[in-house]
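Just entry-v4.cif here, mmCIF, C-alpha atoms:
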data_query
#
loop_
_atom_site.group_PDB
_atom_site.id
_atom_site.type_symbol
_atom_site.label_atom_id
_atom_site.label_comp_id
_atom_site.auth_asym_id
_atom_site.auth_seq_id
_atom_site.Cartn_x
_atom_site.Cartn_y
_atom_site.Cartn_z
ATOM 1 C CA MET A 1 126.148 39.733 216.634
ATOM 2 C CA ILE A 2 123.099 38.838 214.575
ATOM 3 C CA ALA A 3 124.423 40.916 211.662
ATOM 4 C CA THR A 4 127.785 39.136 211.835
ATOM 5 C CA HIS A 5 126.063 35.768 211.805
ATOM 6 C CA THR A 6 123.849 36.772 208.896
ATOM 7 C CA CYS A 7 126.859 38.015 206.937
ATOM 8 C CA GLY A 8 128.638 34.731 207.509
ATOM 9 C CA VAL A 9 125.638 32.764 206.295
ATOM 10 C CA VAL A 10 125.407 34.901 203.153
ATOM 11 C CA LEU A 11 129.128 34.521 202.419
ATOM 12 C CA SER A 12 128.905 30.771 202.923
ATOM 13 C CA LEU A 13 125.960 30.645 200.531
ATOM 14 C CA VAL A 14 127.839 32.708 197.914
ATOM 15 C CA PHE A 15 130.904 30.498 198.174
ATOM 16 C CA SER A 16 128.734 27.406 197.795
ATOM 17 C CA ILE A 17 127.142 28.857 194.656
ATOM 18 C CA LEU A 18 130.577 29.752 193.251
ATOM 19 C CA THR A 19 131.775 26.213 193.913
ATOM 20 C CA VAL A 20 128.813 24.766 192.028
ATOM 21 C CA LEU A 21 129.425 27.218 189.157
ATOM 22 C CA CYS A 22 133.105 26.248 188.972
ATOM 23 C CA PHE A 23 132.238 22.553 188.774
ATOM 24 C CA THR A 24 129.646 23.315 186.086
ATOM 25 C CA PHE A 25 132.149 25.403 184.097
ATOM 26 C CA LEU A 26 134.784 22.688 184.275
ATOM 27 C CA HIS A 27 132.286 20.125 183.027
ATOM 28 C CA THR A 28 130.685 22.148 180.214
ATOM 29 C CA GLN A 29 134.018 23.426 178.858
ATOM 30 C CA LYS A 30 135.420 19.899 178.930
ATOM 31 C CA PHE A 31 138.142 20.741 181.417
ATOM 32 C CA THR A 32 139.710 17.820 183.246
ATOM 33 C CA LEU A 33 138.400 17.814 186.773
ATOM 34 C CA PRO A 34 141.286 18.114 189.231
ATOM 35 C CA ASP A 35 142.208 15.408 191.669
ATOM 36 C CA LEU A 36 140.528 16.601 194.817
ATOM 37 C CA PRO A 37 142.893 16.729 197.764
ATOM 38 C CA GLU A 38 142.434 14.406 200.694
ATOM 39 C CA GLY A 39 139.895 15.698 203.123
ATOM 40 C CA TRP A 40 138.100 17.766 200.430
ATOM 41 C CA GLU A 41 134.837 17.531 202.307
ATOM 42 C CA ASN A 42 136.465 19.004 205.405
ATOM 43 C CA LEU A 43 137.927 22.007 203.571
ATOM 44 C CA ASN A 44 136.089 25.240 203.944
ATOM 45 C CA THR A 45 134.405 26.789 200.932
ATOM 46 C CA SER A 46 137.188 29.305 200.392
ATOM 47 C CA ARG A 47 139.851 26.583 200.173
ATOM 48 C CA GLN A 48 137.664 24.541 197.805
ATOM 49 C CA LEU A 49 137.256 27.561 195.530
ATOM 50 C CA GLY A 50 140.985 28.096 195.546
ATOM 51 C CA VAL A 51 141.621 24.525 194.337
ATOM 52 C CA LEU A 52 139.050 24.869 191.581
ATOM 53 C CA PHE A 53 140.371 28.242 190.383
ATOM 54 C CA MET A 54 143.893 26.792 190.207
ATOM 55 C CA ALA A 55 142.598 23.916 188.057
ATOM 56 C CA ILE A 56 140.846 26.339 185.691
ATOM 57 C CA GLN A 57 143.889 28.591 185.456
ATOM 58 C CA SER A 58 146.301 25.723 184.745
ATOM 59 C CA GLN A 59 144.146 24.272 181.976
ATOM 60 C CA SER A 60 143.066 27.542 180.372
ATOM 61 C CA ALA A 61 146.642 28.099 179.190
ATOM 62 C CA GLY A 62 146.469 24.823 177.236
ATOM 63 C CA PHE A 63 143.178 25.808 175.707
ATOM 64 C CA SER A 64 144.625 29.176 174.668
ATOM 65 C CA GLU A 65 147.497 27.381 172.959
ATOM 66 C CA HIS A 66 145.045 25.136 171.080
ATOM 67 C CA PHE A 67 143.029 28.193 170.064
ATOM 68 C CA VAL A 68 146.149 29.903 168.702
ATOM 69 C CA ASN A 69 147.026 26.777 166.686
ATOM 70 C CA PHE A 70 143.498 26.649 165.338
ATOM 71 C CA ASN A 71 143.677 30.307 164.284
ATOM 72 C CA GLU A 72 146.973 29.671 162.472
ATOM 73 C CA LYS A 73 145.517 26.716 160.599
ATOM 74 C CA PHE A 74 142.382 28.699 159.767
ATOM 75 C CA ASP A 75 144.500 31.562 158.395
ATOM 76 C CA LYS A 76 146.448 29.109 156.215
ATOM 77 C CA PHE A 77 143.196 27.585 154.973
ATOM 78 C CA THR A 78 141.797 31.045 154.154
ATOM 79 C CA ALA A 79 144.971 31.941 152.260
ATOM 80 C CA LEU A 80 144.788 28.660 150.304
ATOM 81 C CA LEU A 81 141.117 29.287 149.530
ATOM 82 C CA ASN A 82 141.902 32.782 148.239
ATOM 83 C CA GLU A 83 144.708 31.381 146.107
ATOM 84 C CA GLN A 84 142.400 28.768 144.582
ATOM 85 C CA SER A 85 139.763 31.433 143.966
ATOM 86 C CA GLU A 86 142.305 33.555 142.083
ATOM 87 C CA ARG A 87 143.333 30.531 140.012
ATOM 88 C CA LEU A 88 139.682 29.802 139.212
ATOM 89 C CA ASN A 89 139.109 33.397 138.100
ATOM 90 C CA ALA A 90 142.219 33.197 135.907
ATOM 91 C CA LEU A 91 140.966 29.948 134.346
ATOM 92 C CA GLU A 92 137.562 31.480 133.659
ATOM 93 C CA SER A 93 139.188 34.465 131.961
ATOM 94 C CA GLU A 94 141.379 32.144 129.894
ATOM 95 C CA ASN A 95 138.339 30.074 128.958
ATOM 96 C CA GLN A 96 136.490 33.178 127.750
ATOM 97 C CA PHE A 97 139.528 34.204 125.712
ATOM 98 C CA LEU A 98 139.815 30.746 124.123
ATOM 99 C CA GLN A 99 136.082 30.719 123.402
ATOM 100 C CA LYS A 100 136.406 34.016 121.541
ATOM 101 C CA LYS A 101 139.337 32.630 119.537
ATOM 102 C CA LEU A 102 137.358 29.489 118.734
ATOM 103 C CA ASP A 103 134.389 31.563 117.582
ATOM 104 C CA ALA A 104 136.720 33.640 115.411
ATOM 105 C CA ILE A 105 138.181 30.478 113.863
ATOM 106 C CA LYS A 106 134.694 29.117 113.198
ATOM 107 C CA ASN A 107 133.683 32.375 111.574
ATOM 108 C CA MET A 108 136.804 32.394 109.434
ATOM 109 C CA HIS A 109 136.127 28.819 108.355
ATOM 110 C CA VAL A 110 132.551 29.570 107.364
ATOM 111 C CA SER A 111 133.576 32.792 105.652
ATOM 112 C CA GLY A 112 136.156 30.900 103.633
ATOM 113 C CA GLN A 113 133.335 28.806 102.135
ATOM 114 C CA SER A 114 131.544 31.889 100.779
ATOM 115 C CA THR A 115 131.473 32.425 97.011
ATOM 116 C CA SER A 116 130.571 35.284 94.692
ATOM 117 C CA ASP A 117 127.444 33.443 93.489
ATOM 118 C CA LEU A 118 123.815 34.483 93.860
ATOM 119 C CA THR A 119 120.804 32.188 93.955
ATOM 120 C CA VAL A 120 117.601 33.356 92.273
ATOM 121 C CA THR A 121 114.443 31.433 93.210
ATOM 122 C CA GLY A 122 110.790 31.408 92.151
ATOM 123 C CA ILE A 123 111.268 31.697 88.374
ATOM 124 C CA PRO A 124 108.248 30.162 86.528
ATOM 125 C CA ARG A 125 109.231 27.427 84.102
ATOM 126 C CA ASP A 126 106.728 28.678 81.552
ATOM 127 C CA CYS A 127 108.341 32.129 81.295
ATOM 128 C CA ASN A 128 108.735 33.411 77.738
ATOM 129 C CA PHE A 129 112.375 34.561 77.927
ATOM 130 C CA SER A 130 115.713 32.815 78.015
ATOM 131 C CA LEU A 131 117.482 32.160 81.300
ATOM 132 C CA LYS A 132 120.540 34.099 80.185
ATOM 133 C CA GLU A 133 118.394 37.219 79.833
ATOM 134 C CA LEU A 134 117.061 37.035 83.374
ATOM 135 C CA PRO A 135 120.160 38.262 85.328
ATOM 136 C CA GLY A 136 120.363 41.367 83.156
ATOM 137 C CA LYS A 137 116.643 42.036 83.646
ATOM 138 C CA ILE A 138 117.074 41.691 87.432
ATOM 139 C CA LEU A 139 120.017 44.102 87.489
ATOM 140 C CA ASN A 140 118.071 46.578 85.346
ATOM 141 C CA THR A 141 115.136 46.394 87.761
ATOM 142 C CA LEU A 142 117.491 47.126 90.663
ATOM 143 C CA HIS A 143 119.026 50.011 88.688
ATOM 144 C CA LEU A 144 122.361 48.220 88.418
ATOM 145 C CA GLU A 145 122.671 48.211 84.632
ATOM 146 C CA SER A 146 126.386 48.960 84.895
ATOM 147 C CA LEU A 147 127.015 45.509 86.417
ATOM 148 C CA ASN A 148 125.762 43.495 83.425
ATOM 149 C CA ASN A 149 129.323 42.890 82.287
ATOM 150 C CA ASP A 150 130.191 41.434 85.715
ATOM 151 C CA ILE A 151 127.978 38.374 85.145
ATOM 152 C CA LEU A 152 130.247 35.400 84.420
ATOM 153 C CA GLU A 153 127.837 32.481 84.309
ATOM 154 C CA VAL A 154 124.161 31.539 84.640
ATOM 155 C CA ARG A 155 122.973 27.995 85.300
ATOM 156 C CA GLU A 156 119.870 26.270 86.551
ATOM 157 C CA VAL A 157 119.942 24.522 89.904
ATOM 158 C CA LYS A 158 118.966 20.883 89.508
ATOM 159 C CA SER A 159 116.651 19.718 92.287
ATOM 160 C CA ARG A 160 117.787 16.694 94.264
ATOM 161 C CA VAL A 161 114.996 14.354 95.315
ATOM 162 C CA GLU A 162 116.479 11.176 96.741
ATOM 163 C CA ASN A 163 113.081 9.536 97.401
ATOM 164 C CA PRO A 164 109.829 10.180 95.519
ATOM 165 C CA PRO A 165 106.942 11.764 97.518
ATOM 166 C CA VAL A 166 104.640 9.233 99.154
ATOM 167 C CA SER A 167 101.752 11.394 100.369
ATOM 168 C CA ALA A 168 99.227 13.736 98.759
ATOM 169 C CA THR A 169 100.743 16.732 100.577
ATOM 170 C CA LEU A 170 104.265 15.893 99.427
ATOM 171 C CA ILE A 171 103.041 15.308 95.890
ATOM 172 C CA ALA A 172 101.345 18.730 95.868
ATOM 173 C CA ASN A 173 104.480 20.410 97.224
ATOM 174 C CA SER A 174 106.629 18.612 94.689
ATOM 175 C CA GLN A 175 104.360 19.669 91.828
ATOM 176 C CA SER A 176 104.419 23.277 93.086
ATOM 177 C CA ARG A 177 108.217 23.270 93.156
ATOM 178 C CA ASN A 178 108.348 21.771 89.672
ATOM 179 C CA LYS A 179 106.442 24.794 88.335
ATOM 180 C CA THR A 180 109.323 27.071 89.326
ATOM 181 C CA MET A 181 113.080 26.870 89.059
ATOM 182 C CA SER A 182 116.145 28.354 90.685
ATOM 183 C CA LEU A 183 119.191 29.866 89.029
ATOM 184 C CA VAL A 184 122.766 30.447 90.085
ATOM 185 C CA ILE A 185 124.354 33.672 88.873
ATOM 186 C CA LYS A 186 128.129 33.758 89.143
ATOM 187 C CA LEU A 187 129.533 37.287 89.519
ATOM 188 C CA LYS A 188 133.096 38.558 89.292
ATOM 189 C CA SER A 189 133.541 39.229 93.008
ATOM 190 C CA LYS A 190 131.947 39.029 96.433
ATOM 191 C CA VAL A 191 131.893 42.823 96.579
ATOM 192 C CA ILE A 192 129.602 42.934 93.548
ATOM 193 C CA ARG A 193 127.450 40.154 95.005
ATOM 194 C CA ASP A 194 127.040 42.055 98.293
ATOM 195 C CA HIS A 195 126.197 45.244 96.402
ATOM 196 C CA VAL A 196 123.415 43.455 94.513
ATOM 197 C CA LEU A 197 122.058 41.954 97.754
ATOM 198 C CA LYS A 198 122.073 45.340 99.463
ATOM 199 C CA ARG A 199 120.216 46.909 96.552
ATOM 200 C CA LYS A 200 117.669 44.063 96.670
ATOM 201 C CA ARG A 201 117.090 44.640 100.402
ATOM 202 C CA ASN A 202 116.493 48.324 99.747
ATOM 203 C CA PHE A 203 114.153 47.501 96.840
ATOM 204 C CA GLY A 204 112.019 45.200 98.993
ATOM 205 C CA GLU A 205 109.795 42.422 97.655
ATOM 206 C CA LEU A 206 110.622 41.569 94.065
ATOM 207 C CA LYS A 207 107.946 40.120 91.739
ATOM 208 C CA LEU A 208 108.203 38.704 88.250
ATOM 209 C CA CYS A 209 106.085 41.571 86.902
ATOM 210 C CA ASP A 210 108.771 43.968 88.198
ATOM 211 C CA ILE A 211 111.426 42.170 86.164
ATOM 212 C CA VAL A 212 109.645 41.213 82.935
ATOM 213 C CA ARG A 213 107.950 43.914 80.918
ATOM 214 C CA ASN A 214 104.267 43.318 80.133
ATOM 215 C CA SER A 215 104.140 40.456 82.657
ATOM 216 C CA THR A 216 101.219 40.326 85.086
ATOM 217 C CA SER A 217 102.661 37.518 87.223
ATOM 218 C CA GLU A 218 102.717 38.218 90.964
ATOM 219 C CA ALA A 219 105.213 35.395 91.526
ATOM 220 C CA LYS A 220 107.792 36.379 94.132
ATOM 221 C CA VAL A 221 111.415 36.205 93.028
ATOM 222 C CA GLY A 222 114.012 35.688 95.739
ATOM 223 C CA ILE A 223 117.670 36.687 95.502
ATOM 224 C CA TYR A 224 120.054 35.153 98.047
ATOM 225 C CA GLU A 225 123.684 34.532 98.691
ATOM 226 C CA MET A 226 124.741 31.141 97.325
ATOM 227 C CA LEU A 227 125.648 28.883 100.234
ATOM 228 C CA PRO A 228 127.494 25.552 100.464
ATOM 229 C CA SER A 229 125.217 22.627 101.263
ATOM 230 C CA VAL A 230 126.417 22.403 104.883
ATOM 231 C CA THR A 231 125.796 26.100 105.482
ATOM 232 C CA TYR A 232 122.436 25.965 103.718
ATOM 233 C CA LYS A 233 121.370 23.075 105.954
ATOM 234 C CA LEU A 234 122.402 25.121 108.992
ATOM 235 C CA LEU A 235 120.431 28.088 107.649
ATOM 236 C CA ARG A 236 117.289 25.968 107.372
ATOM 237 C CA MET A 237 117.774 24.774 110.943
ATOM 238 C CA ALA A 238 118.215 28.356 112.125
ATOM 239 C CA GLN A 239 115.071 29.440 110.279
ATOM 240 C CA GLU A 240 113.003 26.658 111.845
ATOM 241 C CA ARG A 241 114.237 27.454 115.354
ATOM 242 C CA ALA A 242 113.829 31.187 114.780
ATOM 243 C CA LYS A 243 110.213 30.561 113.819
ATOM 244 C CA GLN A 244 109.738 28.493 116.971
ATOM 245 C CA PHE A 245 111.157 31.206 119.251
ATOM 246 C CA ARG A 246 109.679 34.099 117.263
ATOM 247 C CA PHE A 247 112.913 35.628 116.001
ATOM 248 C CA LYS A 248 112.095 38.293 113.460
ATOM 249 C CA HIS A 249 115.260 38.259 111.304
ATOM 250 C CA VAL A 250 117.420 35.458 109.870
ATOM 251 C CA TRP A 251 119.933 36.274 107.139
ATOM 252 C CA THR A 252 123.358 35.428 105.740
ATOM 253 C CA ARG A 253 126.365 37.530 104.901
ATOM 254 C CA GLU A 254 129.796 36.367 103.750
ATOM 255 C CA GLY A 255 128.803 32.767 104.368
ATOM 256 C CA ARG A 256 127.803 33.517 107.961
ATOM 257 C CA ILE A 257 124.324 33.063 109.392
ATOM 258 C CA TYR A 258 122.874 35.760 111.643
ATOM 259 C CA VAL A 259 119.680 36.076 113.642
ATOM 260 C CA ARG A 260 118.043 38.941 115.492
ATOM 261 C CA LYS A 261 115.095 38.701 117.876
ATOM 262 C CA ASN A 262 113.647 42.034 116.812
ATOM 263 C CA ASP A 263 114.704 45.305 115.231
ATOM 264 C CA GLY A 264 116.354 46.653 118.374
ATOM 265 C CA SER A 265 118.024 43.468 119.665
ATOM 266 C CA GLU A 266 121.644 42.396 119.271
ATOM 267 C CA ARG A 267 122.758 40.457 116.205
ATOM 268 C CA VAL A 268 123.738 36.833 116.952
ATOM 269 C CA CYS A 269 126.040 34.752 114.731
ATOM 270 C CA ILE A 270 125.280 31.037 114.209
ATOM 271 C CA PRO A 271 128.516 29.489 112.851
ATOM 272 C CA THR A 272 127.812 25.817 113.691
ATOM 273 C CA GLU A 273 124.976 23.490 114.682
ATOM 274 C CA SER A 274 126.051 23.688 118.333
ATOM 275 C CA ASP A 275 125.292 27.423 118.230
ATOM 276 C CA ILE A 276 121.643 26.862 117.303
ATOM 277 C CA ILE A 277 120.780 26.935 121.018
ATOM 278 C CA LYS A 278 121.583 30.661 120.969
ATOM 279 C CA ILE A 279 118.229 31.089 119.239
ATOM 280 C CA SER A 280 116.066 30.993 122.364
#
Show the structure stored in the file as structure tokens.
Amino acid sequence: MIATHTCGVVLSLVFSILTVLCFTFLHTQKFTLPDLPEGWENLNTSRQLGVLFMAIQSQSAGFSEHFVNFNEKFDKFTALLNEQSERLNALESENQFLQKKLDAIKNMHVSGQSTSDLTVTGIPRDCNFSLKELPGKILNTLHLESLNNDILEVREVKSRVENPPVSATLIANSQSRNKTMSLVIKLKSKVIRDHVLKRKRNFGELKLCDIVRNSTSEAKVGIYEMLPSVTYKLLRMAQERAKQFRFKHVWTREGRIYVRKNDGSERVCIPTESDIIKIS
């Protein structure tokens, strides 16, 4: 008898707890609380639980339908996102392709400005030989005597000073430049020009005493590819930036400007002013 009574008390307590849990679940999951039947307070716990379970069951079907709709919309959104991602990747690939074409066009444009001329710098004005003799002497020094007949023209480069120097430093620099002159040597072809430049690179530093017999002058003589004014300006900019970022090599070939950080690094082409930022 006592056991039966105790069991009834325990069951009543369990049902009461379940009822509280059902109300809590309905509230936290935002279910609509059911209309409680008349005489709710007089219903036993089992009947109350039955009403609550019916309310949960009837509304859970609606929630399942909403969840299915949400999943469908999410799947569509994911598919759209993947499609846009593929389009973005395609646009990036196309952009890279167009950038390569643009670089090629820029290189072609700069290359088209190249000439077969060489510039020779650092020639003292007080030298005791004629300017027309100098190209032949340079070729002889580089062991290119066979190319003497490929020289078409020799002329002095006239310096352009738009404004006179206004400081002691500028005056000194101007006077130093006035002691030397630069020449332009026109050759028959770019192939010959490149051959001379290659031989000069292999020869190394060239001094006036190497060129002129019996001369003791240690004046350095430079031999470079003749560049249009726009390209030469770009070269000077590249040299200044290369010095700033400690690039070891700056040179030109076929009207193009190249830089290299060090002996083992990749060669970088600088076709326009906007490419100067590559030197960093």
Report, as AutoDock Vina command-line options, the axis-aligned box around all atoms of range 212-222 of chain A present in the file, extended by 6 Å on each side; give centre and edge lengths in Å to one decimal place.
--center_x 107.6 --center_y 39.7 --center_z 87.9 --size_x 24.8 --size_y 20.5 --size_z 27.6
Exercise. Could you jot down the CA of Arg246 in chain A to CA of Ile270 in chain A separation for me, Å, one decimal place?
Key: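 Answer for the CA of Arg246 in chain A to CA of Ile270 in chain A separation: 16.2 Å.
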Practice problem: Write out as an MDAnalysis selection string each polymer residue whose atoms come within 9 Å of Ser280 in chain A, counting all atoms listed in the file; drop sequence neighbours fewer than 5 positions from it. | Solution: chainID A and resid 241:242 244:247 261
Self-check item: Selection dump of the PyMOL selection byres ((chain A and resi 267) around 12), as a list of chain:residue names
Solution: A:Phe247, A:Lys248, A:His249, A:Val250, A:Trp251, A:Thr252, A:Arg256, A:Ile257, A:Tyr258, A:Val259, A:Arg260, A:Lys261, A:Asn262, A:Asp263, A:Gly264, A:Ser265, A:Glu266, A:Val268, A:Cys269, A:Ile270, A:Lys278, A:Ile279
Using the selection just defined, write its residues with C-alpha atoms as a short mmCIF file (atom, residue, chain, number, x, y, z; two decimals), keeping the file's coordinate frame.
data_model
loop_
_atom_site.label_atom_id
_atom_site.label_comp_id
_atom_site.auth_asym_id
_atom_site.auth_seq_id
_atom_site.Cartn_x
_atom_site.Cartn_y
_atom_site.Cartn_z
CA PHE A 247 112.91 35.63 116.00
CA LYS A 248 112.10 38.29 113.46
CA HIS A 249 115.26 38.26 111.30
CA VAL A 250 117.42 35.46 109.87
CA TRP A 251 119.93 36.27 107.14
CA THR A 252 123.36 35.43 105.74
CA ARG A 256 127.80 33.52 107.96
CA ILE A 257 124.32 33.06 109.39
CA TYR A 258 122.87 35.76 111.64
CA VAL A 259 119.68 36.08 113.64
CA ARG A 260 118.04 38.94 115.49
CA LYS A 261 115.10 38.70 117.88
CA ASN A 262 113.65 42.03 116.81
CA ASP A 263 114.70 45.30 115.23
CA GLY A 264 116.35 46.65 118.37
CA SER A 265 118.02 43.47 119.66
CA GLU A 266 121.64 42.40 119.27
CA VAL A 268 123.74 36.83 116.95
CA CYS A 269 126.04 34.75 114.73
CA ILE A 270 125.28 31.04 114.21
CA LYS A 278 121.58 30.66 120.97
CA ILE A 279 118.23 31.09 119.24
#
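Among the candidates A:Val212, A:Leu197, A:Ala79, A:Leu98, the residue lying nearest to Leu134 in chain A is A:Val212 (atoms considered: all atoms listed in the file).
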Practice problem: Quote the spacing between CA of Ile211 in chain A and CA of Glu225 in chain A in Å to one decimal place. | Solution: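 The value is 19.1 Å.
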Exercise. Work out how far apart CA of Phe97 in chain A and CA of Glu273 in chain A are and give it in Å to one decimal.
Key: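 So the two atoms, CA of Phe97 in chain A and CA of Glu273 in chain A, lie 21.2 Å apart.
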Quiz item: Could you write out as a list in words the residues that the PyMOL selection byres ((chain A and resi 185) around 10) matches in the shown file?
Solution: Ser116, Asp117, Leu118, Thr119, Val120, Lys132, Leu134, Pro135, Ile151, Leu152, Glu153, Val154, Arg155, Glu156, Ser182, Leu183, Val184, Lys186, Leu187, Arg193, Ile223, Glu225 and Met226 of chain A
Quiz item: Quick one: which residues end up in the PyMOL selection byres ((chain A and resi 124-129) around 6) for this structure, as number ranges by chain?
Solution: A: 123, 130, 179-180
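If you measure from each of A:Asp210, A:Glu38, A:Asp275, A:Glu240 to Leu139 in chain A using all atoms listed in the file, the closest one turns out to be A:Asp210.
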